[in-house]
$ cat coords.tsv   # TSV, C-alpha atoms
chain	number	residue	atom	x	y	z
K	696	MET	CA	2.38	-7.61	-54.71
K	697	ALA	CA	4.78	-6.21	-57.30
K	698	LYS	CA	6.06	-2.68	-56.79
K	699	LYS	CA	4.69	-0.02	-59.04
K	700	ARG	CA	7.03	2.63	-60.30
K	701	THR	CA	5.89	6.23	-60.30
K	702	LYS	CA	7.96	9.22	-61.30
K	703	ALA	CA	6.99	12.86	-61.28
K	704	ASN	CA	9.00	15.57	-63.01
K	705	GLY	CA	12.23	16.14	-61.08
K	706	GLU	CA	11.30	13.71	-58.32
K	707	GLY	CA	13.72	10.93	-59.07
K	708	THR	CA	12.58	7.31	-58.89
K	709	ILE	CA	9.74	6.44	-56.52
K	710	TYR	CA	8.25	2.99	-56.00
K	711	VAL	CA	4.94	2.24	-54.36
K	712	GLU	CA	3.78	-0.95	-52.69
K	713	LYS	CA	0.92	-1.98	-50.46
K	714	ARG	CA	1.52	-2.26	-46.72
K	715	ASN	CA	-1.34	-2.66	-44.27
K	716	ASN	CA	-3.69	-1.91	-47.15
K	717	LYS	CA	-2.01	1.47	-47.63
K	718	ASN	CA	0.33	2.85	-50.27
K	719	TYR	CA	3.93	2.79	-49.06
K	720	TYR	CA	6.39	4.95	-51.03
K	721	LYS	CA	10.13	4.35	-51.46
K	722	GLY	CA	12.19	6.95	-53.25
K	723	THR	CA	15.76	6.37	-54.41
K	724	ILE	CA	18.24	8.91	-55.77
K	725	THR	CA	21.79	8.52	-57.04
K	726	LEU	CA	24.37	10.82	-55.45
K	727	GLY	CA	27.43	9.88	-57.47
K	728	TYR	CA	30.15	7.26	-57.36
K	729	SER	CA	32.35	5.95	-54.55
K	730	PRO	CA	36.17	5.88	-54.92
K	731	GLU	CA	35.75	2.21	-55.91
K	732	GLY	CA	33.44	3.22	-58.76
K	733	LYS	CA	30.21	2.00	-57.18
K	734	LEU	CA	26.98	4.00	-57.38
K	735	ILE	CA	26.06	5.83	-54.17
K	736	ARG	CA	22.31	5.69	-53.62
K	737	LYS	CA	20.10	6.98	-50.83
K	738	THR	CA	16.56	5.77	-50.11
K	739	PHE	CA	13.65	7.51	-48.36
K	740	CYS	CA	10.48	5.74	-47.23
K	741	SER	CA	7.08	6.90	-45.98
K	742	TYR	CA	3.34	6.36	-46.33
K	743	ASP	CA	3.20	10.01	-47.36
K	744	LYS	CA	4.44	10.48	-50.92
K	745	LYS	CA	4.90	14.22	-50.45
K	746	GLU	CA	7.25	13.61	-47.53
K	747	VAL	CA	9.36	11.27	-49.69
K	748	VAL	CA	9.47	13.80	-52.51
K	749	ASN	CA	10.52	16.63	-50.15
K	750	LYS	CA	13.28	14.57	-48.52
K	751	MET	CA	14.63	13.57	-51.91
K	752	ALA	CA	14.62	17.18	-53.08
K	753	GLU	CA	16.42	18.34	-49.93
K	754	CYS	CA	19.00	15.60	-50.33
K	755	ARG	CA	19.64	16.55	-53.98
K	756	THR	CA	20.04	20.21	-53.02
K	757	GLN	CA	22.55	19.41	-50.25
K	758	ASN	CA	24.45	17.06	-52.52
K	759	ASN	CA	24.72	19.65	-55.28
K	760	ALA	CA	25.94	22.22	-52.75
K	761	GLY	CA	28.53	19.82	-51.37
K	762	LEU	CA	26.85	19.74	-47.96
K	763	LEU	CA	25.91	16.06	-47.87
K	764	PRO	CA	28.00	13.74	-45.68
K	765	THR	CA	30.50	11.82	-47.77
K	766	ASP	CA	30.30	8.79	-45.50
K	767	ASP	CA	27.15	8.32	-43.46
K	768	LYS	CA	28.39	5.07	-41.91
K	769	ILE	CA	31.46	6.34	-40.03
K	770	THR	CA	31.04	6.30	-36.24
K	771	LEU	CA	32.06	9.01	-33.80
K	772	GLN	CA	34.94	6.94	-32.45
K	773	GLN	CA	36.22	6.19	-35.97
K	774	TRP	CA	36.08	9.86	-36.89
K	775	PHE	CA	37.74	11.10	-33.67
K	776	TYR	CA	40.56	8.52	-33.95
K	777	ASN	CA	41.32	9.30	-37.60
K	778	TRP	CA	40.93	13.03	-37.00
K	779	LEU	CA	43.47	12.86	-34.14
K	780	PHE	CA	46.06	10.70	-35.90
K	781	GLU	CA	45.72	12.25	-39.34
K	782	PHE	CA	44.65	15.90	-38.89
K	783	ARG	CA	46.18	16.85	-35.53
K	784	VAL	CA	49.23	14.62	-35.15
K	785	ASN	CA	51.64	17.30	-36.44
K	786	ASP	CA	50.20	20.49	-34.93
K	787	LEU	CA	49.44	19.43	-31.35
K	788	LYS	CA	52.18	19.40	-28.74
K	789	VAL	CA	53.05	15.86	-27.72
K	790	THR	CA	51.68	16.41	-24.21
K	791	SER	CA	48.42	17.81	-25.65
K	792	PHE	CA	48.21	14.91	-28.10
K	793	CYS	CA	48.51	12.48	-25.17
K	794	LYS	CA	45.61	14.21	-23.40
K	795	TYR	CA	43.42	14.00	-26.50
K	796	GLU	CA	44.32	10.33	-26.92
K	797	GLY	CA	43.48	9.71	-23.26
K	798	VAL	CA	40.05	11.31	-23.74
K	799	TYR	CA	39.47	9.07	-26.76
K	800	ARG	CA	40.58	5.90	-24.96
K	801	ASN	CA	38.69	6.55	-21.70
K	802	TYR	CA	35.50	8.32	-22.81
K	803	ILE	CA	34.87	7.75	-26.52
K	804	LYS	CA	36.17	4.35	-27.61
K	805	ASP	CA	33.56	1.56	-27.28
K	806	THR	CA	31.05	3.84	-25.52
K	807	THR	CA	27.41	4.49	-26.42
K	808	ILE	CA	28.30	7.75	-28.14
K	809	GLY	CA	31.47	6.33	-29.68
K	810	LYS	CA	29.52	3.63	-31.54
K	811	LYS	CA	26.95	6.14	-32.76
K	812	LYS	CA	27.05	7.03	-36.45
K	813	LEU	CA	28.41	10.51	-36.94
K	814	THR	CA	25.37	11.52	-38.98
K	815	ASP	CA	22.99	10.17	-36.31
K	816	LEU	CA	24.68	11.86	-33.35
K	817	ARG	CA	22.39	14.34	-31.62
K	818	ALA	CA	22.76	16.70	-28.67
K	819	MET	CA	20.39	14.47	-26.69
K	820	ASP	CA	22.81	11.53	-27.11
K	821	LEU	CA	25.67	13.58	-25.70
K	822	GLN	CA	23.55	15.06	-22.91
K	823	SER	CA	22.42	11.61	-21.81
K	824	TYR	CA	25.99	10.31	-21.84
K	825	TYR	CA	27.31	13.29	-19.87
K	826	ASN	CA	24.56	12.84	-17.26
K	827	GLN	CA	25.50	9.17	-17.00
K	828	LEU	CA	29.16	10.07	-16.36
K	829	ILE	CA	28.10	12.48	-13.60
K	830	THR	CA	26.10	9.72	-11.86
K	831	GLN	CA	29.23	7.53	-12.08
K	832	GLY	CA	31.12	10.13	-10.06
K	833	LYS	CA	33.02	11.91	-12.83
K	834	SER	CA	33.71	15.57	-12.09
K	835	PRO	CA	32.06	18.39	-14.05
K	836	ASN	CA	35.51	19.34	-15.34
K	837	VAL	CA	35.87	15.91	-16.99
K	838	ILE	CA	32.60	16.54	-18.84
K	839	LYS	CA	33.75	20.01	-19.85
K	840	THR	CA	37.07	18.67	-21.19
K	841	LEU	CA	35.37	15.83	-23.08
K	842	ASN	CA	32.85	18.18	-24.71
K	843	LYS	CA	35.62	20.65	-25.59
K	844	HIS	CA	37.66	18.00	-27.43
K	845	LEU	CA	34.60	16.54	-29.14
K	846	LYS	CA	33.47	20.01	-30.22
K	847	THR	CA	36.86	20.72	-31.82
K	848	SER	CA	36.84	17.46	-33.78
K	849	LEU	CA	33.21	17.85	-34.88
K	850	PHE	CA	33.83	21.37	-36.15
K	851	ASP	CA	36.32	19.85	-38.58
K	852	ALA	CA	33.73	17.23	-39.53
K	853	LEU	CA	31.30	20.10	-40.14
K	854	LYS	CA	33.81	21.90	-42.39
K	855	GLN	CA	34.14	18.76	-44.49
K	856	GLY	CA	30.39	18.41	-44.88
K	857	MET	CA	30.22	15.18	-42.88
K	858	ILE	CA	27.60	16.60	-40.50
K	859	ALA	CA	25.06	19.41	-40.80
K	860	ARG	CA	25.59	20.90	-37.32
K	861	ASN	CA	27.78	20.46	-34.26
K	862	PRO	CA	25.72	18.86	-31.44
K	863	CYS	CA	28.33	19.80	-28.82
K	864	CYS	CA	27.14	23.40	-29.10
K	865	LEU	CA	23.65	22.42	-27.97
K	866	VAL	CA	24.32	20.56	-24.72
K	867	THR	CA	24.05	21.96	-21.19
K	868	LEU	CA	27.27	21.40	-19.25
K	869	PRO	CA	27.16	20.83	-15.48
K	870	ARG	CA	28.22	23.68	-13.25
K	871	PHE	CA	31.62	23.33	-11.65
K	872	SER	CA	33.71	25.13	-9.10
K	873	GLU	CA	37.50	25.44	-8.68
K	874	ALA	CA	37.35	22.52	-6.26
K	875	ASP	CA	36.04	20.31	-9.08
K	876	VAL	CA	38.93	21.06	-11.40
K	877	GLU	CA	41.27	18.10	-11.73
K	878	ASP	CA	44.94	18.93	-12.02
K	879	THR	CA	45.89	17.19	-15.26
K	880	ASN	CA	48.90	19.38	-15.99
K	881	THR	CA	52.51	18.40	-15.60
K	882	ASP	CA	54.75	20.46	-13.37
K	883	ASP	CA	56.10	22.17	-16.48
K	884	SER	CA	52.71	23.48	-17.66
K	885	HIS	CA	51.10	23.91	-14.28
K	886	ASP	CA	48.24	26.37	-14.05
K	887	GLU	CA	49.31	29.49	-12.17
K	888	GLY	CA	45.90	29.66	-10.49
K	889	ASN	CA	46.60	27.10	-7.76
K	890	ILE	CA	49.06	28.98	-5.54
K	891	ILE	CA	51.06	26.84	-3.11
K	892	PHE	CA	54.48	27.94	-1.83
K	893	PHE	CA	57.07	27.35	0.90
K	894	THR	CA	57.29	29.65	3.89
K	895	LYS	CA	60.67	31.19	4.74
K	896	ASP	CA	61.32	28.57	7.45
K	897	GLU	CA	60.33	25.75	5.10
K	898	GLN	CA	62.58	27.15	2.39
K	899	THR	CA	65.49	27.20	4.84
K	900	GLN	CA	64.82	23.54	5.71
K	901	LEU	CA	64.66	22.62	2.04
K	902	VAL	CA	67.94	24.36	1.17
K	903	ALA	CA	69.64	22.56	4.06
K	904	ALA	CA	68.24	19.20	2.88
K	905	VAL	CA	69.81	19.51	-0.61
K	906	GLU	CA	73.25	20.54	0.67
K	907	SER	CA	74.89	17.30	-0.51
K	908	HIS	CA	72.43	16.48	-3.29
K	909	ARG	CA	73.86	15.87	-6.78
K	910	ASN	CA	71.33	18.32	-8.23
K	911	ARG	CA	71.65	20.93	-5.49
K	912	ALA	CA	72.22	23.67	-8.09
K	913	LEU	CA	68.98	22.74	-9.86
K	914	PHE	CA	66.90	23.17	-6.70
K	915	LEU	CA	68.64	26.44	-5.83
K	916	LEU	CA	68.11	27.77	-9.36
K	917	ALA	CA	64.41	26.91	-9.12
K	918	LEU	CA	64.17	28.83	-5.83
K	919	GLY	CA	66.45	31.68	-6.93
K	920	GLY	CA	65.36	32.04	-10.57
K	921	GLY	CA	61.77	30.83	-10.71
K	922	LEU	CA	62.27	28.64	-13.77
K	923	ARG	CA	59.70	26.02	-14.71
K	924	LEU	CA	60.85	22.41	-14.52
K	925	GLY	CA	60.92	22.00	-18.32
K	926	GLU	CA	62.95	25.21	-18.62
K	927	LEU	CA	65.47	23.99	-16.05
K	928	LEU	CA	66.01	20.65	-17.80
K	929	GLY	CA	66.34	22.37	-21.18
K	930	LEU	CA	69.15	24.72	-20.07
K	931	LYS	CA	72.53	24.53	-21.78
K	932	TRP	CA	75.78	25.96	-20.51
K	933	ASN	CA	75.81	28.75	-23.09
K	934	ASP	CA	72.57	29.99	-21.45
K	935	ILE	CA	74.50	30.72	-18.26
K	936	SER	CA	76.60	33.90	-18.04
K	937	PHE	CA	78.92	33.71	-15.04
K	938	ASN	CA	80.30	37.17	-15.83
K	939	ASP	CA	76.87	38.82	-15.70
K	940	GLY	CA	75.38	36.41	-13.17
K	941	THR	CA	72.37	35.67	-15.39
K	942	VAL	CA	70.50	32.78	-16.98
K	943	THR	CA	68.71	33.13	-20.33
K	944	VAL	CA	65.64	31.00	-21.07
K	945	THR	CA	65.14	30.20	-24.76
K	946	ARG	CA	63.86	26.62	-24.67
K	947	ALA	CA	62.17	23.97	-22.56
K	948	ILE	CA	61.65	20.23	-22.73
K	949	SER	CA	58.63	18.02	-22.32
K	950	GLN	CA	58.57	14.28	-21.82
K	951	ALA	CA	55.63	12.09	-22.78
K	952	ASN	CA	54.67	8.88	-24.52
K	953	LYS	CA	54.84	9.28	-28.27
K	954	ILE	CA	51.76	7.37	-29.41
K	955	LYS	CA	51.62	5.81	-32.86
K	956	LYS	CA	48.46	4.99	-34.77
K	957	ASP	CA	48.88	1.27	-34.04
K	958	GLY	CA	48.74	2.02	-30.31
K	959	THR	CA	52.43	1.53	-29.51
K	960	ARG	CA	53.99	4.00	-27.08
K	961	GLN	CA	57.53	5.24	-26.56
K	962	TRP	CA	58.64	7.56	-23.75
K	963	SER	CA	60.43	10.44	-25.46
K	964	THR	CA	61.96	13.85	-24.75
K	965	PHE	CA	60.95	16.83	-26.87
K	966	GLU	CA	62.74	20.17	-26.98
K	967	HIS	CA	60.52	23.15	-27.80
K	968	ALA	CA	60.05	26.88	-27.30
K	969	PRO	CA	59.09	28.05	-23.78
K	970	LYS	CA	55.45	28.17	-22.68
K	971	THR	CA	54.74	31.72	-23.93
K	972	LYS	CA	56.54	34.42	-25.91
K	973	SER	CA	57.22	36.27	-22.64
K	974	SER	CA	58.87	33.14	-21.23
K	975	ASN	CA	61.92	33.96	-23.34
K	976	ARG	CA	63.77	36.03	-20.76
K	977	THR	CA	67.08	36.78	-19.05
K	978	ILE	CA	67.05	36.49	-15.26
K	979	PRO	CA	69.66	37.95	-12.87
K	980	LEU	CA	70.67	35.39	-10.26
K	981	PRO	CA	71.64	35.62	-6.57
K	982	SER	CA	75.39	35.18	-6.11
K	983	ASN	CA	74.81	32.00	-4.05
K	984	VAL	CA	73.04	30.41	-7.02
K	985	VAL	CA	75.87	31.42	-9.38
K	986	ASP	CA	78.41	29.83	-7.00
K	987	ALA	CA	76.33	26.64	-6.86
K	988	LEU	CA	76.25	26.49	-10.68
K	989	LYS	CA	80.05	26.86	-10.84
K	990	LYS	CA	80.51	23.94	-8.42
K	991	HIS	CA	77.95	21.94	-10.42
K	992	GLN	CA	79.92	22.53	-13.63
K	993	VAL	CA	83.11	21.20	-12.00
K	994	GLN	CA	81.24	18.15	-10.71
K	995	GLN	CA	79.78	17.51	-14.17
K	996	TYR	CA	83.23	17.74	-15.78
K	997	LYS	CA	84.52	15.06	-13.38
K	998	GLU	CA	81.61	12.78	-14.35
K	999	LYS	CA	82.42	13.37	-18.01
K	1000	LEU	CA	86.05	12.30	-17.49
K	1001	LYS	CA	84.98	9.30	-15.44
K	1002	ASN	CA	82.55	7.93	-18.04
K	1003	GLY	CA	84.69	8.71	-21.10
K	1004	GLU	CA	83.16	7.54	-24.39
K	1005	LEU	CA	79.91	6.56	-22.65
K	1006	TYR	CA	79.26	10.21	-21.88
K	1007	GLN	CA	76.83	12.00	-24.23
K	1008	ASP	CA	78.00	15.62	-24.36
K	1009	ASN	CA	74.72	17.48	-24.99
K	1010	ASN	CA	75.97	20.65	-23.27
K	1011	LEU	CA	73.09	20.32	-20.79
K	1012	VAL	CA	73.41	22.11	-17.46
K	1013	PHE	CA	71.39	19.43	-15.68
K	1014	CYS	CA	71.73	15.89	-16.99
K	1015	THR	CA	72.33	12.31	-15.91
K	1016	GLU	CA	75.83	11.06	-15.07
K	1017	LEU	CA	76.09	9.96	-18.71
K	1018	GLY	CA	75.10	13.37	-20.09
K	1019	SER	CA	71.56	12.54	-21.27
K	1020	TYR	CA	68.30	14.29	-20.38
K	1021	ILE	CA	67.09	13.73	-16.82
K	1022	ASP	CA	63.81	11.83	-16.69
K	1023	ILE	CA	61.23	14.22	-15.19
K	1024	ARG	CA	59.59	11.34	-13.34
K	1025	ASN	CA	62.87	10.39	-11.66
K	1026	LEU	CA	63.60	13.99	-10.70
K	1027	THR	CA	60.17	14.54	-9.13
K	1028	ARG	CA	60.61	11.30	-7.14
K	1029	SER	CA	64.02	12.54	-5.97
K	1030	TYR	CA	62.46	15.87	-5.02
K	1031	ALA	CA	59.75	14.08	-3.02
K	1032	ARG	CA	62.43	12.16	-1.09
K	1033	VAL	CA	64.19	15.44	-0.30
K	1034	LEU	CA	61.00	16.89	1.17
K	1035	LYS	CA	60.41	13.77	3.23
K	1036	ARG	CA	63.98	13.82	4.53
K	1037	ALA	CA	63.56	17.49	5.45
K	1038	GLY	CA	60.32	16.73	7.31
K	1039	LEU	CA	58.32	18.95	4.96
K	1040	GLU	CA	54.80	18.41	3.70
K	1041	HIS	CA	54.79	17.44	0.02
K	1042	LYS	CA	54.27	20.28	-2.43
K	1043	LYS	CA	54.58	20.02	-6.20
K	1044	PHE	CA	57.88	20.98	-7.80
K	1045	HIS	CA	56.11	23.99	-9.34
K	1046	SER	CA	55.73	25.36	-5.80
K	1047	LEU	CA	59.42	26.30	-5.96
K	1048	ARG	CA	58.49	28.76	-8.72
K	1049	HIS	CA	55.64	30.19	-6.63
K	1050	THR	CA	58.02	30.48	-3.70
K	1051	TYR	CA	60.38	32.56	-5.86
K	1052	ALA	CA	57.53	34.94	-6.74
K	1053	THR	CA	56.46	35.13	-3.12
K	1054	ARG	CA	59.92	36.13	-1.92
K	1055	LEU	CA	60.07	38.84	-4.60
K	1056	PHE	CA	56.76	40.33	-3.49
K	1057	GLU	CA	57.74	40.14	0.16
K	1058	ASN	CA	60.78	42.24	-0.71
K	1059	ASN	CA	58.62	44.89	-2.42
K	1060	ILE	CA	59.68	44.13	-6.00
K	1061	PRO	CA	57.11	45.88	-8.27
K	1062	PRO	CA	54.59	43.56	-9.97
K	1063	LYS	CA	55.72	44.51	-13.50
K	1064	LYS	CA	59.27	43.45	-12.67
K	1065	VAL	CA	58.00	40.22	-11.14
K	1066	GLN	CA	56.00	39.61	-14.32
K	1067	ALA	CA	59.16	39.97	-16.43
K	1068	LEU	CA	61.21	37.71	-14.15
K	1069	MET	CA	58.50	35.03	-14.09
K	1070	GLY	CA	57.92	35.22	-17.85
K	1071	HIS	CA	54.18	35.78	-17.48
K	1072	ASN	CA	52.40	36.82	-20.65
K	1073	ASP	CA	49.73	38.73	-18.71
K	1074	ILE	CA	50.13	40.94	-15.63
K	1075	SER	CA	46.83	39.53	-14.31
K	1076	THR	CA	48.55	36.17	-13.84
K	1077	THR	CA	51.23	37.85	-11.75
K	1078	MET	CA	48.70	39.79	-9.72
K	1079	ASN	CA	46.68	36.63	-9.14
K	1080	ILE	CA	49.72	35.14	-7.42
K	1081	TYR	CA	50.27	38.37	-5.50
K	1082	THR	CA	46.76	38.44	-4.03
K	1083	HIS	CA	46.89	34.75	-3.13
K	1084	VAL	CA	50.30	34.28	-1.60
K	1085	ILE	CA	50.67	37.30	0.66
K	1086	PRO	CA	47.32	38.45	2.07
K	1087	GLU	CA	49.11	39.11	5.36
K	1088	LYS	CA	51.37	41.64	3.65
K	1089	LEU	CA	48.38	43.43	2.21
K	1090	VAL	CA	46.93	43.72	5.71
K	1091	ASP	CA	50.20	45.15	7.01
K	1092	ASP	CA	50.54	47.57	4.10
K	1093	VAL	CA	47.17	49.22	4.65
K	1094	GLN	CA	48.19	50.07	8.20
K	1095	CYS	CA	50.16	52.97	6.72
K	1096	LEU	CA	46.81	54.71	6.33
K	1097	ASN	CA	46.49	55.01	10.11
K	1098	ALA	CA	48.52	58.20	10.23
K	1099	LEU	CA	46.18	59.81	7.72
K	1100	LEU	CA	43.08	58.88	9.66
K	1101	ILE	CA	43.98	60.45	13.02
$ encode --input "coords.tsv" --output "structure tokens"
Amino acid sequence: MAKKRTKANGEGTIYVEKRNNKNYYKGTITLGYSPEGKLIRKTFCSYDKKEVVNKMAECRTQNNAGLLPTDDKITLQQWFYNWLFEFRVNDLKVTSFCKYEGVYRNYIKDTTIGKKKLTDLRAMDLQSYYNQLITQGKSPNVIKTLNKHLKTSLFDALKQGMIARNPCCLVTLPRFSEADVEDTNTDDSHDEGNIIFFTKDEQTQLVAAVESHRNRALFLLALGGGLRLGELLGLKWNDISFNDGTVTVTRAISQANKIKKDGTRQWSTFEHAPKTKSSNRTIPLPSNVVDALKKHQVQQYKEKLKNGELYQDNNLVFCTELGSYIDIRNLTRSYARVLKRAGLEHKKFHSLRHTYATRLFENNIPPKKVQALMGHNDISTTMNIYTHVIPEKLVDDVQCLNALLI
């Protein structure tokens, strides 16, 4: 049967046809033109004419207010990918960008939620997917990280009028404990919450094990200055003052795969400001560390003469034999071999920094001074280390109250 056209004042165009011996209404409105010059139309269907009229009116209102999605066919994975490589590529640190890209590749691309249209995505879809990941053995922290990144990207979609609300705000995340948290940080950006350090005997064994190591001064500076790995590898000789016996931290390096939009990757080194504003600091050094740095400088000069024009003079304190940046992966492997040779249980390189803080506290250096030496932005971070690494000292300290309790 031919469609009949019916149009009320302000309704737009509504057609009616018979289905199952009932009137079936189809309303169509024009929203504008696409960049290619084609008309953009939206259709609403129902057996209830009033419902069609109301939906059309709501759509017109949202369109006039600029709240209607500009592309109701884009999927979540398409949006997240373009958002990452177009909106965030220049403001995220390279290491952070790699983490976002890893979340996209492992948990969004070609998944049930990834293929979902952005405009059709609901909190129930996300909740179901998160529950599925939990049953597959993923930790609650993985779910939390995924939802956090999705929420950030969808807030930008919301700002652009592509969606009406952010479904990530409506899900219930699984509970998690510290034991669930996966350590996804590099040694350079390691969370200060997980406190592992070397005892005095272990530190003595470690120092003995690096006696003839090419980068002996690097290990001693980590133990005697508390620098992060990225800060150590970013040091230049003008940061060292032999007269004052100090090292000044003004930069750090990170190394990660630089990912292009076509998926190609290139391992690169990036120089940047230290982790926090307070990380810019000048640290007095033990005389033994200063002596080790002087010997290291002589050794480096010999390597420079040996390699001649092949040597890249970047003024780096710690570099390869050809003067280029040390690959963090190679250094951490070398560090692991040192521990094995010394008969020590493996601890992350960042434990050298925690060991430095521990020795300071054991020698009654006030927490505020330790905070300045460590470059912590917040004293609570420093105190968190203090309460974790030396509970035995706290027990001993309270014994001074005995005399007052007799």
$ residues_around --input "coords.tsv" --residues "range 969-985 of chain K" --least-positions-apart "4" --cutoff "12 Å" --atoms "all atoms listed in the file" --output "PyMOL selection string"
chain K and resi 788+883-886+902+911-930+934-949+965+989-992+1051+1064-1074
$ residues_near_point --input "coords.tsv" --point "(41.0, 17.6, -36.8)" --cutoff "6 Å" --atoms "only C-alpha atoms" --output "MDAnalysis selection string"
chainID K and resid 778:779 782:783 848 851
$ write_last_selection --input "coords.tsv" --atoms "C-alpha atoms" --output "PDB file, in the frame of the given file"
ATOM      1  CA  TRP K 778      40.930  13.030 -37.000  1.00  0.00           C
ATOM      2  CA  LEU K 779      43.470  12.860 -34.140  1.00  0.00           C
ATOM      3  CA  PHE K 782      44.650  15.900 -38.890  1.00  0.00           C
ATOM      4  CA  ARG K 783      46.180  16.850 -35.530  1.00  0.00           C
ATOM      5  CA  SER K 848      36.840  17.460 -33.780  1.00  0.00           C
ATOM      6  CA  ASP K 851      36.320  19.850 -38.580  1.00  0.00           C
TER       7      ASP K 851
END
$ atom_distance --input "coords.tsv" --atom1 "CA of Val784 in chain K" --atom2 "CA of Ile1021 in chain K"
25.6 Å
$ closest_residue --input "coords.tsv" --among "K:Thr1076, K:Asn785, K:Gln773, K:Ser1046" --to "Glu897 in chain K" --atoms "only C-alpha atoms"
K:Ser1046
$ residues_near_point --input "coords.tsv" --point "(49.1, 25.1, -0.9)" --cutoff "10 Å" --atoms "only C-alpha atoms" --output "NGL selection string"
:K and (889-893 or 1040-1043 or 1046 or 1084)
$ write_last_selection --input "coords.tsv" --atoms "C-alpha atoms" --output "PDB file, in the coordinates of the input"
ATOM      1  CA  ASN K 889      46.600  27.100  -7.760  1.00  0.00           C
ATOM      2  CA  ILE K 890      49.060  28.980  -5.540  1.00  0.00           C
ATOM      3  CA  ILE K 891      51.060  26.840  -3.110  1.00  0.00           C
ATOM      4  CA  PHE K 892      54.480  27.940  -1.830  1.00  0.00           C
ATOM      5  CA  PHE K 893      57.070  27.350   0.900  1.00  0.00           C
ATOM      6  CA  GLU K1040      54.800  18.410   3.700  1.00  0.00           C
ATOM      7  CA  HIS K1041      54.790  17.440   0.020  1.00  0.00           C
ATOM      8  CA  LYS K1042      54.270  20.280  -2.430  1.00  0.00           C
ATOM      9  CA  LYS K1043      54.580  20.020  -6.200  1.00  0.00           C
ATOM     10  CA  SER K1046      55.730  25.360  -5.800  1.00  0.00           C
ATOM     11  CA  VAL K1084      50.300  34.280  -1.600  1.00  0.00           C
TER      12      VAL K1084
END
$ residues_around --input "coords.tsv" --residues "Lys750 in chain K" --least-positions-apart "6" --cutoff "10 Å" --atoms "only C-alpha atoms" --output "ChimeraX atom specification"
/K:722,738-740,756
